[in-house]
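Worksheet: the structure to be examined is printed underneath.
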Amino acid sequence: MATLRLKDVRKSYGNAHVIKGVDLEIDDGEFTVFVGPSGCGKSTLLRMISGLEDITSGTLEIDGQVVNDLPPKERGIAMVFQSYAIFPHMTVRENVAFGLTIAGASKAEKEEKVAEAARILQMEHLLDRRPSQLSGGQRQRVAIGRAIVRKPKVFLFDEPLSNLDAALRMDMRMEIGKLHEQLDATMVYVTHDQVEAMTLADKIVVLKDGLVMQVGSPMELYHAPANLFVAGFLGAPSMNFVTVDVQSRDAAQAQVSNAALEPIAVAHKGRIAGEGKAVLGIRPQHVRAAQPGQGMLHGQVMLTERLGAETVVDLKLKDGSKFIATFAEDRVFEPGESVDLTFDPAQAHLFAPEDTTSAPH
Ligand SMILES: Nc1ncnc2c1ncn2[C@@H]1O[C@H](COP(=O)(O)OP(=O)(O)OP(=O)(O)O)[C@@H](O)[C@H]1O
Ligand SMILES: [Mg+2]
């Protein structure tokens, strides 16, 4: 059993405050994914959990025990990095057993644990090879094997697949998912890859500038983003943002429109105060083509990308804003063609224009 709890965790390097107060609870056996733009503090947070980096202030608890001052090797944590730090002069077997060798484990214990890790990772046939005789994915499996044999309470992964090509990434992503199921271990995983985040995570933590923007299941974050930043960060292509005028507002909904948008009522979830400007978020996948001259949103085709299974259309709306629409079919649009779109207002999101820095969770 291993739960993690971070309470107001902060990290500063001199005057540079890189983690600005993170509160987070990770349950036993949970697969948690950290996402956020480059430099937002994902690796720093992971390194603080592992003990490789000091915590400037706040507390880190593992299983209810404060471990701020516990050295890394006593925390029961194993970390796997982007660059698979395996030794070129050792065989796979020796690499996987490395941590056990250092700890003075017996030959029998090493053999048993290496065999188990090799079975889980399906690399029994690779044990006598050296890293130079392995593919990138196989090398990363060796690094994961080295983590497994230590029977850690918590696995930390820092972009473990980002050096691999697309096909290998997909294979390894599924293997990591299976590994989590088999080991039932608590895992914290950093990635830039949306598909990895959405498919592997029980819980996604979106970070920006050293702060947590939102914590939730992949679908909670996708369907109910708490702010503009999360809305624009998750989903590909990104959610469209259209600046609109708020004509009126009741307790639940606001009536909005602009030069390109017919008046519609959208739930405001308390995020806008009154009349004035607001930002309407619409995912590219949530629009449909309307009959010419009808629909709710009007624009002109700039560019079309036909991908076979879907068509991505770059539009310029009548109010001048850019808008991307995707259609789950092959369609032909001519540049300059007028397009009228319709969508379900229940799938749209309304934000205050500056609603990017709130940190609700
Ligand atoms: N030793 C250090 N001294 C000063 N600043 C540092 C140090 N290490 C990291 N930083 C800064 O802390 C911030 C967070 O870095 P971190 O490596 O955690 O980002 P990240 O979210 O992992 O980014 P990436 O996605 O690029 O890996 C960055 O602005 C970085 O420049
Ligand atoms: Mg990083």
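Going by the structure tokens order, chains are called A, B, ..., each with residues numbered from 1, while ligands are numbered from 1 in the order shown.
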Residues at most 9 Å from Ser162 of chain A, counting only C-alpha atoms, excluding those fewer than 5 positions away in the same chain, as a PyMOL selection string?
chain A and resi 82-83+169+191-193
Excluding Lys20 of chain A and residues on its chain fewer than 2 positions from it, collect all residues at most 12 Å away from it, counting only C-alpha atoms, and give them as an NGL selection string.
:A and (7-13 or 16-18 or 22-23 or 40-41 or 44-45 or 55-58 or 207-213 or 359)
If the limit is 8 Å from any atom of ligand 2, counting only C-alpha atoms and all ligand atoms, which residues qualify? Return them as a PyMOL selection string.
chain A and resi 38-39+41-44+158-159+190
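You will find atom CA of Thr342 of chain A at 22.6 Å from atom CA of Gly308 of chain A.
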Residue neighbourhood Val33 of chain A, 9 Å, only C-alpha atoms, exclusion window fewer than 4 positions, as an MDAnalysis selection string:
chainID A and resid 187:191 196:198 200:206
Can you pull out every residue within 12 Å of Leu303 of chain A, counting only C-alpha atoms, but drop anything in the same chain fewer than 2 positions away, and send it as a ChimeraX atom specification?
/A:300-301,305-306,311-316,322-326,332-337
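Considering the residues A:Glu220, A:Asp63, A:Pro160, A:Glu111 and counting only C-alpha atoms and all ligand atoms, ligand 1 has its shortest atom-to-atom contact with A:Pro160.
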Among the residues of segment 60-227 of chain A, find those DSSP assigns to helix (DSSP H, G or I) from the backbone and print them as a VMD selection string.
chain A and resid 72 to 74 92 to 96 98 to 102 107 to 120 124 to 126 131 to 133 136 to 148 166 to 183 194 to 200 218 to 223
Would you return as JSON, numbers by chain the members of segment 200-313 of chain A that DSSP assigns to strand (DSSP E) on this structure's backbone?
{"A": [203, 204, 205, 206, 207, 208, 211, 212, 213, 214, 215, 216, 240, 241, 242, 243, 244, 245, 246, 247, 248, 249, 253, 254, 255, 256, 257, 264, 265, 266, 267, 276, 277, 278, 279, 280, 281, 282, 287, 288, 289, 297, 298, 299, 300, 301, 302, 303, 304, 305, 306, 311, 312, 313]}
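The smallest atom-to-atom distance between Ala85 of chain A and any of A:Pro237, A:Gly293, A:Gly104, A:Gly145, using only C-alpha atoms, is found for A:Gly145.
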Which is closer to ligand 1 than all the others in A:Ile19, A:Ala117, A:Val242, A:Met123, using only C-alpha atoms and all ligand atoms?
A:Ile19
